[in-house]
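*Asks:* Questions regarding the structure given below will be posed in turn.
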Amino acid sequence: MKQPPYESISWQEDHLVILDQTQLPLREIYSDVNTIGQVWDAIKKLKIRGAPVIGIAGAYGLYLGVRDLESKNFTSFNVELNRWIEYLKSSRPTAVNLSWALERINQTVYANKDKDLEEIKEIILKTAKTIHDEDKRVCQKIGENGVKLVNKRANILTHCNTGGLATGAYGTAFSVILHADEADKDIHVWVDETRPLLQGARLTAWELKKAEIPFHLITDSMAGSLMNTGKVDMVVVGADRVTANGDTANKIGTYSLAVLAKENDIPFYVALPLSTFDLENDTGANIEIEEREPEEVTHLGKTPITPKKTDAYNPAFDITPNKYITGFITEKGIIEPDYKKNIKALFN
């Protein structure tokens, strides 16, 4: 499959280049990122967003943080490394790929602690590039596995953005859509706008336009009516963290879709790489939910849409209990219930 005609993130000689997702769809702006602080800011402000690509950005950001360190020994270097790791983790705590990527680098560094510090820095950069390349291959495999679940002329409902913007390439749930289109399944996509930041309206619609896949944009509140009138054949979403029992944290509004799909006997799938599983947490009750600024709810961009001083609650994610999920689409295949047993088996 051809890669999308855009890259959400790339490494260019000695710095990162990101496609600023806050500017889409009106402007396609690529920005240079040269410091760890700029990486933290880009993740926090959603210039980079989507669990897999956040992990990729964090890995490169860690290298940017340590490359100019003048530590005299591994111990002092390691102290600074771990300080930068905790700093990057704080940018978006719910998405597990970020901590996964940073801890993977941390373990790799420790395994090479006897080497020269300059060599260790290069190992960090090499590991970041490996994580990036692996994600591209993984996302393609997710699509190849998921396309088997898509019937001819299926109407697929999706939420938020799960495409190449959110990953190294192809996407997760979006990769399933891309592969179904390439397989001439004559699909149609319903795109939730995804309030409050409109990732569906701004980003998924933009990617579907680029891919020339038929779609209609809907408000989030229309999904239930569409399901009830037989206009939705399956729901496919991504994930930011999945616990050992299959409870899933994803963009706010996902839980509602899952309940509606269950009520209307519609398959509800979550597409994700294995790196998004958090086996150290048994249930979704243990997941920290990021709460963002109320202005994202009370404003559209910089334009207020509420009376002055309106209080707003703005959790970025919700938890979908495993009982509402038909299956997980991963690079190693489809996971079906019993989730606690079958997720564990995938890692053995």
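Just remember, in the structure tokens the first chain shown is A, the second B, etc., residues are 1-based per chain, and ligands are 1-based in the order shown.
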Got a sec: who's within 9 Å of Ala285 in chain A, counting only C-alpha atoms, leaving out chain neighbours fewer than 3 positions off, as a list in words?

*Replies:*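 Close residues of Ala285 in chain A: Asp247, Asn281, Asp282, Glu288 and Ile319 of chain A.
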
*Asks:* Save out the residues we just selected, all heavy atoms, as a PDB file, in the first residue's frame.

*Replies:*
ATOM      1  N   ASP A 247     -10.525  -3.017  29.118  1.00  0.00           N
ATOM      2  CA  ASP A 247     -11.120  -1.685  29.270  1.00  0.00           C
ATOM      3  C   ASP A 247     -10.287  -0.684  28.468  1.00  0.00           C
ATOM      4  O   ASP A 247      -9.051  -0.742  28.497  1.00  0.00           O
ATOM      5  CB  ASP A 247     -11.147  -1.263  30.743  1.00  0.00           C
ATOM      6  CG  ASP A 247     -12.151  -2.066  31.563  1.00  0.00           C
ATOM      7  OD1 ASP A 247     -12.954  -2.810  30.975  1.00  0.00           O
ATOM      8  OD2 ASP A 247     -12.116  -1.944  32.803  1.00  0.00           O
ATOM      9  N   ASN A 281      -1.939  -2.306  34.407  1.00  0.00           N
ATOM     10  CA  ASN A 281      -3.223  -1.900  34.976  1.00  0.00           C
ATOM     11  C   ASN A 281      -4.268  -2.958  34.678  1.00  0.00           C
ATOM     12  O   ASN A 281      -4.457  -3.350  33.529  1.00  0.00           O
ATOM     13  CB  ASN A 281      -3.676  -0.556  34.390  1.00  0.00           C
ATOM     14  CG  ASN A 281      -3.115   0.619  35.166  1.00  0.00           C
ATOM     15  OD1 ASN A 281      -2.948   0.554  36.372  1.00  0.00           O
ATOM     16  ND2 ASN A 281      -2.815   1.700  34.467  1.00  0.00           N
ATOM     17  N   ASP A 282      -4.962  -3.413  35.717  1.00  0.00           N
ATOM     18  CA  ASP A 282      -5.945  -4.477  35.553  1.00  0.00           C
ATOM     19  C   ASP A 282      -7.239  -3.993  34.926  1.00  0.00           C
ATOM     20  O   ASP A 282      -7.869  -4.710  34.151  1.00  0.00           O
ATOM     21  CB  ASP A 282      -6.254  -5.130  36.905  1.00  0.00           C
ATOM     22  CG  ASP A 282      -5.062  -5.888  37.458  1.00  0.00           C
ATOM     23  OD1 ASP A 282      -4.264  -6.402  36.645  1.00  0.00           O
ATOM     24  OD2 ASP A 282      -4.929  -5.964  38.685  1.00  0.00           O
ATOM     25  N   GLU A 288      -5.440   7.231  34.489  1.00  0.00           N
ATOM     26  CA  GLU A 288      -5.522   8.674  34.742  1.00  0.00           C
ATOM     27  C   GLU A 288      -6.124   9.359  33.518  1.00  0.00           C
ATOM     28  O   GLU A 288      -5.615   9.224  32.411  1.00  0.00           O
ATOM     29  CB  GLU A 288      -4.129   9.250  35.021  1.00  0.00           C
ATOM     30  CG  GLU A 288      -4.122  10.753  35.242  1.00  0.00           C
ATOM     31  CD  GLU A 288      -2.724  11.313  35.431  1.00  0.00           C
ATOM     32  OE1 GLU A 288      -1.743  10.521  35.455  1.00  0.00           O
ATOM     33  OE2 GLU A 288      -2.596  12.553  35.544  1.00  0.00           O
ATOM     34  N   ILE A 319     -13.646   6.031  29.418  1.00  0.00           N
ATOM     35  CA  ILE A 319     -13.310   4.608  29.514  1.00  0.00           C
ATOM     36  C   ILE A 319     -14.475   3.776  28.993  1.00  0.00           C
ATOM     37  O   ILE A 319     -15.608   3.927  29.457  1.00  0.00           O
ATOM     38  CB  ILE A 319     -13.011   4.186  30.969  1.00  0.00           C
ATOM     39  CG1 ILE A 319     -11.939   5.091  31.592  1.00  0.00           C
ATOM     40  CG2 ILE A 319     -12.584   2.719  31.012  1.00  0.00           C
ATOM     41  CD1 ILE A 319     -10.591   5.014  30.930  1.00  0.00           C
TER      42      ILE A 319
END

*Asks:* As number ranges by chain, please: the residues near range 125-131 of chain A (cut-off 9 Å, only C-alpha atoms, same-chain neighbours under 3 positions excluded).

*Replies:* A: 11, 55-64, 101, 104-105, 108, 120-122, 134-136

*Asks:* So which bits of range 119-277 of chain A end up strand (DSSP E or B) when you DSSP the backbone, as a list in words?

*Replies:* Asn155, Ile156, Leu157, Thr158, His188, Val189, Trp190, Val191, Asp192, Phe215, His216, Leu217, Ile218, Met234, Val235, Val236, Val237, Arg241, Val242, Thr243, Thr248, Ala249, Asn250, Lys251, Phe268, Tyr269, Val270, Ala271 and Phe277 of chain A

*Asks:* Determine, counting only C-alpha atoms, which protein, DNA and RNA residues have an atom within 7 Å of an atom of range 192-194 of chain A; residues of the same chain fewer than 3 positions away are not included. Present the result as a PyMOL selection string.

*Replies:* chain A and resi 158-160+197-201+217-220

*Asks:* Which of these, A:Ala345, A:His15, A:Arg153, A:Leu24, has the shortest distance to Gln38 in chain A once you count only C-alpha atoms?

*Replies:*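 Of the candidates, the smallest distance to Gln38 in chain A is held by A:His15.
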
*Asks:* When you count only C-alpha atoms, which of these residues is closest to Asn322 in chain A: A:Pro307, A:Gly246, A:Gly230, A:Pro273?

*Replies:*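 Nearest candidate to Asn322 in chain A out of A:Pro307, A:Gly246, A:Gly230, A:Pro273: A:Gly246.
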
*Asks:* For range 328-335 of chain A, please output as a list of chain:residue names all residues within 6 Å (counting only C-alpha atoms; exclusion window: fewer than 6 positions along the same chain).

*Replies:*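 With the cut-off at 6 Å, the set is A:Val138, A:Lys141, A:Ile142, A:Asn145, A:Gly146, A:Tyr269, A:Val270, A:Ala271, A:Leu272, A:Pro273.
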